[in-house]
$ cat protein.cif   # mmCIF, N, CA and C atoms
data_structure
#
loop_
_atom_site.label_atom_id
_atom_site.label_comp_id
_atom_site.auth_asym_id
_atom_site.auth_seq_id
_atom_site.Cartn_x
_atom_site.Cartn_y
_atom_site.Cartn_z
N MET A 1 140.53 362.88 115.69
CA MET A 1 141.70 363.00 116.52
C MET A 1 141.91 364.47 116.83
N ARG A 2 142.32 364.68 118.05
CA ARG A 2 142.55 366.04 118.51
C ARG A 2 143.74 366.06 119.45
N GLY A 3 144.47 367.13 119.42
CA GLY A 3 145.59 367.29 120.33
C GLY A 3 145.11 367.61 121.74
N SER A 4 145.83 367.10 122.71
CA SER A 4 145.45 367.33 124.11
C SER A 4 145.55 368.80 124.51
N ASP A 5 146.33 369.58 123.78
CA ASP A 5 146.49 371.00 124.10
C ASP A 5 145.46 371.90 123.43
N GLU A 6 144.56 371.30 122.64
CA GLU A 6 143.48 372.10 122.05
C GLU A 6 142.44 372.36 123.13
N TYR A 7 141.78 373.48 123.02
CA TYR A 7 140.86 373.88 124.08
C TYR A 7 139.41 373.47 123.84
N ALA A 8 139.10 373.00 122.67
CA ALA A 8 137.71 372.61 122.37
C ALA A 8 137.37 371.29 123.06
N ASN A 9 136.11 371.14 123.41
CA ASN A 9 135.61 369.93 124.04
C ASN A 9 135.29 368.90 122.96
N ILE A 10 136.03 367.81 122.93
CA ILE A 10 135.85 366.82 121.87
C ILE A 10 134.47 366.16 121.93
N GLU A 11 133.93 366.00 123.12
CA GLU A 11 132.60 365.38 123.25
C GLU A 11 131.52 366.26 122.62
N LYS A 12 131.64 367.58 122.78
CA LYS A 12 130.71 368.50 122.13
C LYS A 12 130.85 368.42 120.62
N TYR A 13 132.07 368.32 120.16
CA TYR A 13 132.37 368.21 118.74
C TYR A 13 131.73 366.95 118.17
N LEU A 14 131.89 365.81 118.85
CA LEU A 14 131.28 364.55 118.41
C LEU A 14 129.76 364.61 118.46
N ALA A 15 129.22 365.27 119.47
CA ALA A 15 127.77 365.40 119.59
C ALA A 15 127.19 366.10 118.36
N GLY A 16 127.90 367.09 117.84
CA GLY A 16 127.45 367.78 116.64
C GLY A 16 127.37 366.84 115.44
N PHE A 17 128.36 365.97 115.30
CA PHE A 17 128.32 364.98 114.22
C PHE A 17 127.14 364.03 114.40
N ARG A 18 126.97 363.55 115.63
CA ARG A 18 125.87 362.60 115.90
C ARG A 18 124.51 363.23 115.67
N GLU A 19 124.36 364.49 116.03
CA GLU A 19 123.09 365.19 115.80
C GLU A 19 122.78 365.31 114.32
N ASN A 20 123.80 365.22 113.50
CA ASN A 20 123.61 365.32 112.06
C ASN A 20 123.67 363.97 111.35
N GLY A 21 123.46 362.90 112.13
CA GLY A 21 123.28 361.59 111.54
C GLY A 21 124.47 360.65 111.53
N LEU A 22 125.63 361.11 111.90
CA LEU A 22 126.79 360.21 111.94
C LEU A 22 126.79 359.45 113.27
N GLN A 23 126.71 358.16 113.20
CA GLN A 23 126.62 357.36 114.43
C GLN A 23 127.87 356.53 114.70
N ASN A 24 128.55 356.11 113.68
CA ASN A 24 129.70 355.22 113.84
C ASN A 24 130.99 356.04 113.83
N ILE A 25 131.18 356.85 114.88
CA ILE A 25 132.36 357.69 114.96
C ILE A 25 133.05 357.48 116.31
N ASN A 26 134.34 357.66 116.30
CA ASN A 26 135.16 357.53 117.51
C ASN A 26 136.07 358.73 117.61
N ALA A 27 136.57 358.97 118.80
CA ALA A 27 137.48 360.08 119.03
C ALA A 27 138.75 359.56 119.69
N LYS A 28 139.80 360.29 119.48
CA LYS A 28 141.08 359.96 120.10
C LYS A 28 141.79 361.26 120.42
N ILE A 29 142.25 361.39 121.66
CA ILE A 29 143.04 362.53 122.07
C ILE A 29 144.51 362.16 121.91
N ILE A 30 145.24 362.96 121.18
CA ILE A 30 146.67 362.74 120.99
C ILE A 30 147.40 363.61 122.01
N GLU A 31 148.17 362.97 122.86
CA GLU A 31 148.83 363.67 123.96
C GLU A 31 149.99 364.55 123.48
N ASN A 32 150.22 365.60 124.24
CA ASN A 32 151.36 366.51 124.05
C ASN A 32 151.41 367.18 122.69
N CYS A 33 150.26 367.63 122.21
CA CYS A 33 150.26 368.39 120.96
C CYS A 33 149.01 369.25 120.89
N GLY A 34 149.02 370.12 119.92
CA GLY A 34 147.89 371.03 119.73
C GLY A 34 147.14 370.70 118.46
N HIS A 35 146.82 371.74 117.69
CA HIS A 35 145.99 371.60 116.51
C HIS A 35 146.68 370.81 115.39
N PHE A 36 147.97 370.91 115.29
CA PHE A 36 148.72 370.25 114.21
C PHE A 36 149.31 368.93 114.69
N SER A 37 148.45 368.06 115.18
CA SER A 37 148.90 366.81 115.79
C SER A 37 149.68 365.92 114.83
N ALA A 38 149.32 365.91 113.56
CA ALA A 38 150.05 365.06 112.59
C ALA A 38 151.50 365.52 112.44
N GLU A 39 151.75 366.79 112.59
CA GLU A 39 153.13 367.30 112.52
C GLU A 39 153.84 367.18 113.86
N GLU A 40 153.09 367.36 114.94
CA GLU A 40 153.69 367.37 116.26
C GLU A 40 153.92 365.98 116.83
N GLN A 41 153.05 365.05 116.53
CA GLN A 41 153.15 363.69 117.06
C GLN A 41 152.81 362.66 115.97
N PRO A 42 153.60 362.59 114.89
CA PRO A 42 153.25 361.72 113.77
C PRO A 42 153.17 360.23 114.15
N GLU A 43 154.00 359.78 115.07
CA GLU A 43 153.95 358.38 115.46
C GLU A 43 152.64 358.04 116.17
N GLN A 44 152.20 358.95 117.04
CA GLN A 44 150.93 358.72 117.75
C GLN A 44 149.76 358.76 116.78
N ILE A 45 149.80 359.64 115.80
CA ILE A 45 148.74 359.72 114.79
C ILE A 45 148.70 358.42 113.99
N ALA A 46 149.86 357.94 113.55
CA ALA A 46 149.92 356.69 112.78
C ALA A 46 149.36 355.53 113.60
N MET A 47 149.70 355.46 114.88
CA MET A 47 149.20 354.40 115.73
C MET A 47 147.68 354.50 115.89
N ALA A 48 147.16 355.71 116.05
CA ALA A 48 145.71 355.91 116.20
C ALA A 48 144.98 355.51 114.92
N ILE A 49 145.55 355.83 113.77
CA ILE A 49 144.93 355.44 112.50
C ILE A 49 144.91 353.93 112.36
N ARG A 50 146.02 353.27 112.71
CA ARG A 50 146.06 351.80 112.66
C ARG A 50 145.01 351.19 113.58
N GLU A 51 144.87 351.74 114.79
CA GLU A 51 143.86 351.25 115.74
C GLU A 51 142.46 351.40 115.16
N CYS A 52 142.19 352.54 114.56
CA CYS A 52 140.88 352.81 113.97
C CYS A 52 140.58 351.82 112.86
N ILE A 53 141.55 351.59 111.98
CA ILE A 53 141.36 350.63 110.89
C ILE A 53 141.12 349.24 111.44
N HIS A 54 141.88 348.86 112.44
CA HIS A 54 141.73 347.53 113.06
C HIS A 54 140.32 347.36 113.64
N ILE A 55 139.87 348.34 114.40
CA ILE A 55 138.54 348.29 115.01
C ILE A 55 137.48 348.22 113.93
N THR A 56 137.63 349.02 112.87
CA THR A 56 136.66 349.03 111.78
C THR A 56 136.58 347.67 111.08
N LEU A 57 137.72 347.03 110.88
CA LEU A 57 137.74 345.72 110.20
C LEU A 57 137.14 344.63 111.06
N LEU A 58 137.18 344.79 112.38
CA LEU A 58 136.62 343.79 113.29
C LEU A 58 135.09 343.84 113.37
N ARG A 59 134.50 344.92 112.93
CA ARG A 59 133.04 345.07 113.02
C ARG A 59 132.32 344.21 112.04
#

$ encode --input "protein.cif" --output "structure tokens"
Amino acid sequence: MRGSDEYANIEKYLAGFRENGLQNINAKIIENCGHFSAEEQPEQIAMAIRECIHITLLR
């Protein structure tokens, strides 16, 4: 998860993980926040975590 106001490219970030063997990873952009997304948008973070757990359990 990354805040929408962060300047790093999340796809490049994920590519680095994949290049090092991690294949089952997902990304989520949290709107209207920066690096401290859990403090800035706790409800959105909680919802994203729930979504991730739900998707993981469905696999």

$ atom_distance --input "protein.cif" --atom1 "atom C of His54 of chain A" --atom2 "atom CA of Gln23 of chain A"
17.0 Å

$ select_by_dssp --input "protein.cif" --residues "chain A" --states "strand (DSSP E or B)" --output "number ranges by chain"
A: 2-3, 29-30

$ residues_around --input "protein.cif" --residues "segment 5-12 of chain A" --least-positions-apart "4" --cutoff "10 Å" --atoms "only C-alpha atoms" --output "PyMOL selection string"
chain A and resi 1+16-18+27-37

$ select_by_dssp --input "protein.cif" --residues "chain A" --states "alpha helix (DSSP H)" --output "PyMOL selection string"
chain A and resi 10-19+37-40+42-58

$ atom_distance --input "protein.cif" --atom1 "atom N of Ile53 of chain A" --atom2 "atom C of Gly3 of chain A"
19.1 Å

$ atom_distance --input "protein.cif" --atom1 "atom CA of Asn24 of chain A" --atom2 "atom N of Arg2 of chain A"
16.3 Å

$ closest_residue --input "protein.cif" --among "A:Arg59, A:Glu51, A:Ile25, A:Ala46" --to "Tyr13 of chain A" --atoms "only C-alpha atoms"
A:Ile25

$ decode --input "protein.cif" --residues "segment 23-36 of chain A" --atoms "N, CA, C and O atoms" --output "mmCIF file, in the first residue's frame"
data_model
loop_
_atom_site.group_PDB
_atom_site.id
_atom_site.type_symbol
_atom_site.label_atom_id
_atom_site.label_comp_id
_atom_site.auth_asym_id
_atom_site.auth_seq_id
_atom_site.Cartn_x
_atom_site.Cartn_y
_atom_site.Cartn_z
ATOM 1 N N GLN A 23 5.986 -13.556 -6.288
ATOM 2 C CA GLN A 23 5.049 -13.536 -7.412
ATOM 3 C C GLN A 23 3.616 -13.204 -6.993
ATOM 4 O O GLN A 23 2.866 -12.639 -7.765
ATOM 5 N N ASN A 24 3.232 -13.570 -5.809
ATOM 6 C CA ASN A 24 1.854 -13.397 -5.365
ATOM 7 C C ASN A 24 1.729 -12.110 -4.548
ATOM 8 O O ASN A 24 1.507 -12.126 -3.346
ATOM 9 N N ILE A 25 1.899 -10.968 -5.224
ATOM 10 C CA ILE A 25 1.836 -9.685 -4.538
ATOM 11 C C ILE A 25 0.856 -8.768 -5.262
ATOM 12 O O ILE A 25 0.653 -8.879 -6.464
ATOM 13 N N ASN A 26 0.249 -7.895 -4.502
ATOM 14 C CA ASN A 26 -0.697 -6.921 -5.032
ATOM 15 C C ASN A 26 -0.351 -5.554 -4.484
ATOM 16 O O ASN A 26 0.296 -5.435 -3.448
ATOM 17 N N ALA A 27 -0.833 -4.533 -5.158
ATOM 18 C CA ALA A 27 -0.590 -3.165 -4.719
ATOM 19 C C ALA A 27 -1.917 -2.432 -4.576
ATOM 20 O O ALA A 27 -2.899 -2.779 -5.227
ATOM 21 N N LYS A 28 -1.904 -1.446 -3.740
ATOM 22 C CA LYS A 28 -3.084 -0.609 -3.548
ATOM 23 C C LYS A 28 -2.609 0.810 -3.288
ATOM 24 O O LYS A 28 -1.741 1.038 -2.449
ATOM 25 N N ILE A 29 -3.169 1.756 -4.024
ATOM 26 C CA ILE A 29 -2.887 3.168 -3.805
ATOM 27 C C ILE A 29 -3.964 3.707 -2.870
ATOM 28 O O ILE A 29 -5.155 3.566 -3.133
ATOM 29 N N ILE A 30 -3.543 4.307 -1.785
ATOM 30 C CA ILE A 30 -4.465 4.909 -0.832
ATOM 31 C C ILE A 30 -4.555 6.399 -1.163
ATOM 32 O O ILE A 30 -3.551 7.112 -1.139
ATOM 33 N N GLU A 31 -5.748 6.844 -1.484
ATOM 34 C CA GLU A 31 -5.950 8.221 -1.936
ATOM 35 C C GLU A 31 -5.797 9.238 -0.809
ATOM 36 O O GLU A 31 -6.080 8.951 0.351
ATOM 37 N N ASN A 32 -5.369 10.421 -1.195
ATOM 38 C CA ASN A 32 -5.286 11.590 -0.308
ATOM 39 C C ASN A 32 -4.370 11.397 0.895
ATOM 40 O O ASN A 32 -4.717 11.784 2.013
ATOM 41 N N CYS A 33 -3.223 10.786 0.670
ATOM 42 C CA CYS A 33 -2.252 10.667 1.757
ATOM 43 C C CYS A 33 -0.863 10.456 1.174
ATOM 44 O O CYS A 33 -0.699 10.191 -0.005
ATOM 45 N N GLY A 34 0.099 10.562 2.055
ATOM 46 C CA GLY A 34 1.494 10.397 1.649
ATOM 47 C C GLY A 34 2.081 9.129 2.227
ATOM 48 O O GLY A 34 1.440 8.084 2.244
ATOM 49 N N HIS A 35 3.287 9.242 2.757
ATOM 50 C CA HIS A 35 4.032 8.091 3.241
ATOM 51 C C HIS A 35 3.400 7.445 4.479
ATOM 52 O O HIS A 35 3.494 6.245 4.674
ATOM 53 N N PHE A 36 2.762 8.221 5.304
ATOM 54 C CA PHE A 36 2.179 7.714 6.554
ATOM 55 C C PHE A 36 0.690 7.431 6.376
ATOM 56 O O PHE A 36 -0.157 7.937 7.117
#
